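File shown: run02.txt. Contents: compact mmCIF, C-alpha atoms and all ligand atoms.
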# COMPACT_ATOMS: atom_id res chain seq x y z
CA MET G 330 112.15 121.40 165.66
CA SER G 331 115.28 120.82 167.77
CA HIS G 332 118.28 123.15 167.41
CA PRO G 333 120.43 120.60 165.55
CA ASP G 334 117.60 119.90 163.09
CA LEU G 335 116.99 123.60 162.53
CA LEU G 336 120.71 124.25 162.01
CA THR G 337 120.86 121.41 159.46
CA ARG G 338 117.92 122.92 157.58
CA LEU G 339 119.35 126.43 157.62
CA TRP G 340 123.01 125.48 157.11
CA PRO G 341 123.29 121.98 155.59
CA ALA G 342 127.11 122.01 155.69
CA SER G 343 126.80 121.68 159.47
CA ALA G 344 125.46 118.12 159.12
CA VAL G 345 128.31 116.71 157.02
CA ARG G 346 130.20 113.76 158.48
CA VAL G 347 132.53 111.34 156.70
CA ARG G 348 133.63 108.25 158.57
CA ALA G 349 135.87 105.21 158.02
CA GLY G 350 136.39 103.03 161.08
CA ASP G 351 137.72 105.07 164.00
CA LEU G 352 138.39 108.14 161.80
CA GLU G 353 135.77 110.81 161.19
CA LEU G 354 135.72 114.20 159.44
CA ARG G 355 132.91 116.39 160.75
CA TRP G 356 131.78 120.00 160.68
CA ILE G 357 133.39 122.06 163.43
CA ASP G 358 130.84 123.17 166.03
CA ASP G 359 131.88 125.49 168.87
CA ASP G 360 132.64 122.72 171.38
CA THR G 361 134.86 120.95 168.87
CA LEU G 362 136.46 124.25 167.88
CA VAL G 363 137.58 124.91 171.46
CA GLU G 364 139.15 121.44 171.59
CA LEU G 365 140.92 122.04 168.27
CA ALA G 366 142.22 125.40 169.48
CA ALA G 367 143.72 123.59 172.49
CA VAL G 368 145.28 120.94 170.22
CA ALA G 369 146.91 123.64 168.06
CA SER G 370 148.13 125.55 171.11
CA ARG G 371 150.12 122.45 172.14
CA GLY G 372 152.05 122.62 168.83
CA VAL G 373 151.63 121.73 165.16
CA HIS G 374 155.26 121.67 163.98
CA ALA G 375 158.85 122.19 165.11
CA ALA G 376 159.83 125.78 165.91
CA ASP G 377 162.31 125.90 163.01
CA ALA G 378 159.70 124.73 160.45
CA MET G 379 156.80 126.60 158.83
CA PRO G 380 154.38 124.51 156.75
CA PHE G 381 151.89 127.36 156.18
CA GLU G 382 151.89 130.42 153.91
CA HIS G 383 150.26 132.43 156.65
CA PRO G 384 152.29 131.70 159.82
CA TRP G 385 149.31 131.34 162.17
CA THR G 386 151.21 128.91 164.37
CA ARG G 387 153.72 131.54 165.56
CA GLY G 388 153.05 133.21 168.91
CA THR G 389 152.10 132.18 172.41
CA PRO G 390 149.85 129.12 172.92
CA GLU G 391 146.97 131.51 173.65
CA GLU G 392 147.57 133.47 170.45
CA VAL G 393 147.67 130.27 168.41
CA ALA G 394 144.45 129.04 170.02
CA ARG G 395 142.71 132.37 169.36
CA SER G 396 143.91 132.29 165.78
CA VAL G 397 142.16 128.91 165.32
CA LEU G 398 138.93 130.38 166.72
CA THR G 399 138.93 133.52 164.58
CA TYR G 400 139.94 131.67 161.41
CA GLN G 401 137.22 129.06 161.79
CA TRP G 402 134.52 131.56 162.78
CA ASN G 403 135.38 133.57 159.67
CA LEU G 404 135.21 130.48 157.42
CA ARG G 405 131.79 129.35 158.60
CA SER G 406 129.91 131.78 156.39
CA GLN G 407 131.86 130.84 153.26
CA VAL G 408 129.61 128.18 151.75
CA SER G 409 128.12 129.21 148.40
CA PRO G 410 128.12 128.10 144.75
CA SER G 411 130.68 130.77 143.83
CA ARG G 412 133.12 129.86 146.57
CA PHE G 413 133.27 127.57 149.51
CA ALA G 414 135.82 127.01 152.22
CA ILE G 415 134.78 124.29 154.63
CA GLU G 416 137.02 122.82 157.28
CA PHE G 417 136.27 119.60 159.10
CA ALA G 418 137.49 118.39 162.44
CA VAL G 419 139.63 115.27 162.17
CA VAL G 420 138.31 113.05 164.95
CA ILE G 421 139.91 109.79 166.07
CA ASP G 422 137.81 107.62 168.38
CA GLY G 423 135.78 110.70 169.32
CA THR G 424 138.81 112.94 170.02
CA PRO G 425 139.50 115.97 167.77
CA VAL G 426 143.14 115.88 166.64
CA GLY G 427 143.33 118.29 163.68
CA VAL G 428 141.64 119.87 160.70
CA GLN G 429 141.04 118.88 157.08
CA GLY G 430 139.94 121.76 154.88
CA LEU G 431 138.37 122.02 151.42
CA VAL G 432 138.41 125.19 149.33
CA ALA G 433 136.73 125.72 145.95
CA ASP G 434 136.78 128.94 143.94
CA ASP G 435 134.19 129.27 141.17
CA TRP G 436 132.94 125.86 142.23
CA SER G 437 129.92 125.65 139.98
CA VAL G 438 132.12 126.38 136.95
CA LEU G 439 135.40 124.61 137.74
CA ARG G 440 134.36 121.81 140.12
CA ARG G 441 137.89 121.81 141.52
CA ILE G 442 138.63 121.51 145.25
CA GLN G 443 141.90 122.26 147.01
CA THR G 444 142.71 120.58 150.30
CA GLY G 445 144.78 121.74 153.26
CA SER G 446 145.25 120.19 156.67
CA TRP G 447 147.03 120.06 160.00
CA LEU G 448 147.27 117.67 162.94
CA GLY G 449 148.48 118.35 166.46
CA SER G 450 152.14 117.31 166.76
CA ALA G 451 151.31 114.44 169.11
CA HIS G 452 149.09 112.88 166.42
CA GLN G 453 151.49 113.09 163.48
CA GLY G 454 153.44 110.25 161.91
CA HIS G 455 150.87 107.54 162.67
CA GLY G 456 149.19 107.44 159.26
CA ILE G 457 146.24 109.70 160.18
CA GLY G 458 147.26 112.33 157.61
CA THR G 459 147.18 109.74 154.82
CA ARG G 460 143.81 108.33 155.88
CA MET G 461 142.18 111.74 156.31
CA ARG G 462 143.33 112.80 152.83
CA VAL G 463 141.81 109.63 151.36
CA LEU G 464 138.57 110.39 153.23
CA ALA G 465 138.64 113.97 151.95
CA LEU G 466 139.05 112.68 148.39
CA HIS G 467 136.04 110.42 148.89
CA LEU G 468 134.01 113.42 150.01
CA ILE G 469 135.33 115.48 147.09
CA PHE G 470 134.65 112.96 144.32
CA ALA G 471 131.96 110.56 145.55
CA GLY G 472 130.21 113.12 147.75
CA LEU G 473 130.50 116.41 145.84
CA ASP G 474 131.07 115.09 142.33
CA ALA G 475 134.17 117.22 141.73
CA HIS G 476 136.23 116.95 138.54
CA GLU G 477 139.59 117.62 140.15
CA ALA G 478 141.32 117.78 143.54
CA THR G 479 144.50 119.74 144.19
CA SER G 480 146.94 120.06 147.03
CA GLY G 481 150.30 121.62 147.66
CA ALA G 482 153.15 121.81 150.13
CA PHE G 483 156.41 123.61 150.62
CA ALA G 484 159.30 121.52 149.30
CA ASP G 485 160.74 121.21 152.81
CA ASN G 486 157.52 119.69 154.21
CA GLY G 487 158.46 115.99 153.99
CA PRO G 488 155.29 114.49 155.51
CA SER G 489 152.79 116.53 153.48
CA ASN G 490 154.58 115.84 150.19
CA ALA G 491 154.82 112.15 151.13
CA VAL G 492 151.07 111.97 151.80
CA SER G 493 150.21 113.49 148.39
CA ARG G 494 152.53 111.09 146.60
CA ARG G 495 151.38 108.00 148.52
CA VAL G 496 147.72 108.79 147.92
CA GLY G 497 148.50 109.00 144.20
CA TYR G 498 148.38 112.64 143.12
CA GLU G 499 150.28 113.71 140.02
CA ALA G 500 153.01 116.32 140.43
CA ASP G 501 151.85 119.61 138.89
CA GLY G 502 154.89 121.84 139.03
CA THR G 503 156.68 123.97 141.59
CA VAL G 504 156.34 127.70 142.18
CA ASN G 505 158.02 130.02 144.65
CA VAL G 506 155.70 131.18 147.41
CA ALA G 507 156.47 133.90 149.96
CA ARG G 508 156.91 132.45 153.44
CA GLU G 509 157.93 134.65 156.33
CA GLY G 510 159.61 137.07 153.92
CA VAL G 511 161.50 134.45 151.88
CA ALA G 512 160.69 132.87 148.48
CA VAL G 513 160.34 129.11 149.08
CA PRO G 514 159.63 126.37 146.48
CA HIS G 515 156.10 125.03 146.83
CA HIS G 516 155.07 121.80 145.07
CA ARG G 517 151.61 121.51 143.56
CA TYR G 518 149.69 118.26 143.12
CA THR G 519 146.58 117.36 141.22
CA MET G 520 144.24 114.38 141.02
CA SER G 521 141.61 114.07 138.31
CA ARG G 522 138.37 112.21 138.84
CA GLU G 523 139.59 109.47 136.46
CA CYS G 524 142.80 109.10 138.47
CA TRP G 525 140.82 108.89 141.74
CA GLU G 526 138.57 106.20 140.27
CA SER G 527 141.58 104.16 139.14
CA LEU G 528 143.03 104.36 142.67
CA ARG G 529 140.00 103.22 144.62
CA SER G 530 141.41 99.82 145.55
CA ARG G 531 144.64 101.44 146.81
CA HIS G 532 142.57 103.88 148.86
CA ALA G 533 140.43 101.07 150.29
CA GLU G 534 143.64 99.37 151.46
CA LEU G 535 144.88 102.59 153.07
CA LEU G 536 141.56 103.12 154.91
CA GLN G 537 141.03 99.48 155.98
CA ALA G 538 137.33 100.33 156.51
CA SER G 539 134.37 101.27 154.36
CA VAL G 540 133.47 104.96 154.01
CA GLU G 541 130.17 106.33 155.31
CA LEU G 542 129.02 109.75 154.05
CA HIS G 543 126.34 111.64 155.99
CA GLY G 544 124.61 114.92 155.17
CA ILE G 545 126.09 115.27 151.70
CA GLU G 546 122.84 115.88 149.79
CA GLY G 547 122.20 119.02 151.81
CA LEU G 548 125.72 120.31 151.19
CA ARG G 549 125.42 119.60 147.47
CA GLY G 550 122.27 121.68 147.43
CA GLN G 551 123.92 124.48 149.40
CA VAL G 552 126.78 124.81 146.89
CA ALA G 553 124.71 124.18 143.74
CA ALA G 554 124.26 127.16 141.43
CA SER G 555 120.61 128.24 141.33
CA GLY G 556 118.82 126.60 138.45
CA SER G 557 121.28 123.69 138.33
CA ALA G 558 120.55 120.26 139.72
CA SER G 559 122.51 119.33 142.83
CA SER G 560 123.62 116.07 141.24
C1 LIG U 601 151.15 116.94 156.95
C2 LIG U 601 150.40 116.08 157.98
C3 LIG U 601 148.90 116.45 157.92
C4 LIG U 601 150.58 114.60 157.58
O1 LIG U 601 149.94 113.82 158.55
P1 LIG U 601 150.70 112.57 159.25
O2 LIG U 601 149.68 111.82 160.02
O3 LIG U 601 151.86 113.09 159.97
O4 LIG U 601 151.14 111.77 157.96
P2 LIG U 601 151.26 110.17 157.81
O5 LIG U 601 151.76 109.60 159.07
O6 LIG U 601 149.99 109.65 157.25
O7 LIG U 601 152.33 110.09 156.63
C5 LIG U 601 153.52 110.79 156.75
C6 LIG U 601 154.45 110.37 155.63
O8 LIG U 601 155.55 111.26 155.65
C7 LIG U 601 156.76 110.50 155.66
N1 LIG U 601 157.70 111.36 156.33
C8 LIG U 601 157.76 111.69 157.63
N2 LIG U 601 158.76 112.56 157.86
C9 LIG U 601 159.33 112.80 156.66
C10 LIG U 601 160.40 113.61 156.21
N3 LIG U 601 161.07 114.39 157.07
N4 LIG U 601 160.71 113.61 154.90
C11 LIG U 601 160.03 112.84 154.03
N5 LIG U 601 158.99 112.05 154.39
C12 LIG U 601 158.66 112.04 155.68
C13 LIG U 601 156.39 109.25 156.39
O9 LIG U 601 157.30 108.21 156.09
C14 LIG U 601 155.01 108.99 155.80
O10 LIG U 601 155.10 108.47 154.48
P3 LIG U 601 154.79 106.94 154.14
O11 LIG U 601 153.41 106.67 154.65
O12 LIG U 601 154.88 106.86 152.65
O13 LIG U 601 155.83 106.18 154.89
C15 LIG U 601 150.93 116.31 159.42
O14 LIG U 601 152.25 115.82 159.49
C16 LIG U 601 150.88 117.75 159.86
O15 LIG U 601 149.85 118.20 160.32
N6 LIG U 601 152.02 118.49 159.74
C17 LIG U 601 152.09 119.86 160.21
C18 LIG U 601 151.16 120.77 159.43
C19 LIG U 601 151.32 120.60 157.95
O16 LIG U 601 152.41 120.39 157.43
N7 LIG U 601 150.19 120.72 157.23
C20 LIG U 601 150.18 120.61 155.79
C21 LIG U 601 150.52 121.90 155.18
S1 LIG U 601 150.72 121.73 153.41
Let me see the structure of the file written as structure tokens.
Ligand SMILES: CC(C)(COP(=O)(O)OP(=O)(O)OC[C@H]1O[C@@H](n2cnc3c(N)ncnc32)[C@H](O)[C@@H]1OP(=O)(O)O)[C@@H](O)C(=O)NCCC(=O)NCCS
Amino acid sequence: MSHPDLLTRLWPASAVRVRAGDLELRWIDDDTLVELAAVASRGVHAADAMPFEHPWTRGTPEEVARSVLTYQWNLRSQVSPSRFAIEFAVVIDGTPVGVQGLVADDWSVLRRIQTGSWLGSAHQGHGIGTRMRVLALHLIFAGLDAHEATSGAFADNGPSNAVSRRVGYEADGTVNVAREGVAVPHHRYTMSRECWESLRSRHAELLQASVELHGIEGLRGQVAASGSASS
């Protein structure tokens, strides 16, 4: 058995790919991770902004790149029915440009998935963030059969809030979240399965290409509670 086949058998999450046209979300192997670390080291936001609760983008380019490596290496083991945190490389025409993450706590009970994401600065503002969120929602609902998707962004993060609204989430309140020692309003968004189903034609227009899911059955099995079907 070749290494990729063995890895897929041992760790099915590694085989997941979601594609629509030139845009792909795929599991982050080490080669891709190094490319993503380099993308992040070139900048993810303006120096006077901070889109993240944990300010991993502060520091020298090398520190930022290392932070991407250590964060992703730590996440790789977190795929289980009780909790999973899986991040996918956002790849445009074969080039990694950012990350789209999914996190689920008490997955087998709640079937709720929270998303988070970033793109290298050079790749922002061209509609990729909107398309990758729609792809993530396809993976969440059509692929993993979730009941609910959530997202959130600091109130001063115009693009992230705009993506959630355009994709059709419902506003779900605002709470203060600590950011670099200051309490900052953070908007929450939610999308039910019913809402996602009602928005499929809008999402098809945003993607302009049909969605292909690969390797999902294995992932469903990997995060299914023992004794439950992976359907
Ligand atoms: C958030 C992010 C993933 C969005 O991706 P993107 O490719 O830049 O987003 P898109 O181009 O698809 O859409 C951006 C939207 O923001 C809008 N926008 C841009 N700047 C804005 C601003 N200052 N205020 C309000 N809206 C703004 C655009 O008009 C667009 O909305 P529209 O499609 O309705 O016109 C990306 O900008 C990013 O990585 N930012 C830095 C990290 C980050 O914020 N991560 C999310 C943490 S919650």
Practice problem: Write out as a PyMOL selection string each polymer residue (protein, DNA or RNA) that has an atom no more than 10 Å from ligand LIG 601 (chain U), with only C-alpha atoms and all ligand atoms counted. | Solution: chain G and resi 369+372-375+378-382+386+426-429+444-462+480-496+515-517+535
Quiz item: Out of G:Ile442, G:Ala376, G:Ala538, G:Leu528, which residue has the shortest atom-to-atom distance to Gly388 in chain G when counting only C-alpha atoms?
Solution: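 Nearest candidate to Gly388 in chain G out of G:Ile442, G:Ala376, G:Ala538, G:Leu528: G:Ala376.
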Quiz item: Of the residues G:Ile415, G:Val420, G:Ala465, G:Ala512, which is the one nearest to Pro341 in chain G, using all atoms listed in the file?
Solution: G:Ile415
Quiz prompt | Straight-line distance linking CA of Leu536 in chain G with CA of Leu365 in chain G, stated in Å to one decimal | solution = 23.2 Å
Quiz item: Which is closest to Arg355 in chain G among G:Pro410, G:Leu398, G:Ile545, G:Glu499, if we use all atoms listed in the file?
Solution: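 Comparing G:Pro410, G:Leu398, G:Ile545, G:Glu499 against Arg355 in chain G, the winner is G:Ile545.
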So that I can see what lies close to Ser437 in chain G, please list as a PDB file with C-alpha atoms, keeping the file's coordinate frame the residues with an atom at most 10 Å from it, counting all atoms listed in the file and leaving out residues fewer than 3 positions away in the same chain.
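Printed below is selection-v8.pdb as written:
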ATOM      1  CA  SER G 409     128.120 129.210 148.400  1.00  0.00           C
ATOM      2  CA  PRO G 410     128.120 128.100 144.750  1.00  0.00           C
ATOM      3  CA  SER G 411     130.680 130.770 143.830  1.00  0.00           C
ATOM      4  CA  ARG G 412     133.120 129.860 146.570  1.00  0.00           C
ATOM      5  CA  ALA G 433     136.730 125.720 145.950  1.00  0.00           C
ATOM      6  CA  ASP G 434     136.780 128.940 143.940  1.00  0.00           C
ATOM      7  CA  ARG G 440     134.360 121.810 140.120  1.00  0.00           C
ATOM      8  CA  ARG G 441     137.890 121.810 141.520  1.00  0.00           C
ATOM      9  CA  ALA G 475     134.170 117.220 141.730  1.00  0.00           C
ATOM     10  CA  VAL G 552     126.780 124.810 146.890  1.00  0.00           C
ATOM     11  CA  ALA G 553     124.710 124.180 143.740  1.00  0.00           C
ATOM     12  CA  ALA G 554     124.260 127.160 141.430  1.00  0.00           C
ATOM     13  CA  SER G 555     120.610 128.240 141.330  1.00  0.00           C
ATOM     14  CA  SER G 557     121.280 123.690 138.330  1.00  0.00           C
TER      15      SER G 557
END
Please enclose the listed atoms of range 337-351 of chain G in an axis-aligned box, pad each side by 8 Å, and write out the centre and the three edge lengths in Å, rounded to one decimal, as AutoDock Vina command-line options.
--center_x 127.8 --center_y 114.7 --center_z 159.8 --size_x 35.8 --size_y 39.4 --size_z 24.4
Quiz item: What does the distance from CA of His532 in chain G to CA of Gly544 in chain G come to in Å, to one decimal?
Solution: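 So the answer is 22.0 Å.
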Quiz item: Looking at G:Arg522, G:Val504, G:Ala366, G:Leu464, which one is nearest to Trp402 in chain G, with distances taken over all atoms listed in the file?
Solution: G:Ala366
Exercise. Enter the distance from CA of Val345 in chain G to CA of Ala533 in chain G, in Å, rounded to one decimal.
Key: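 These two atoms are separated by 20.9 Å.
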Quiz item: From the list G:Ser370, G:Ser530, G:Ser539, G:Gln407, which residue is nearest Arg395 in chain G when using all atoms listed in the file?
Solution: G:Ser370
Practice problem: Could you give me, as a ChimeraX atom specification, the residues that have an atom at most 9 Å away from the point (137.1, 105.6, 161.8) in the coordinates of the file, using all atoms listed in the file? | Solution: /G:347-353,420-422,536,538,540
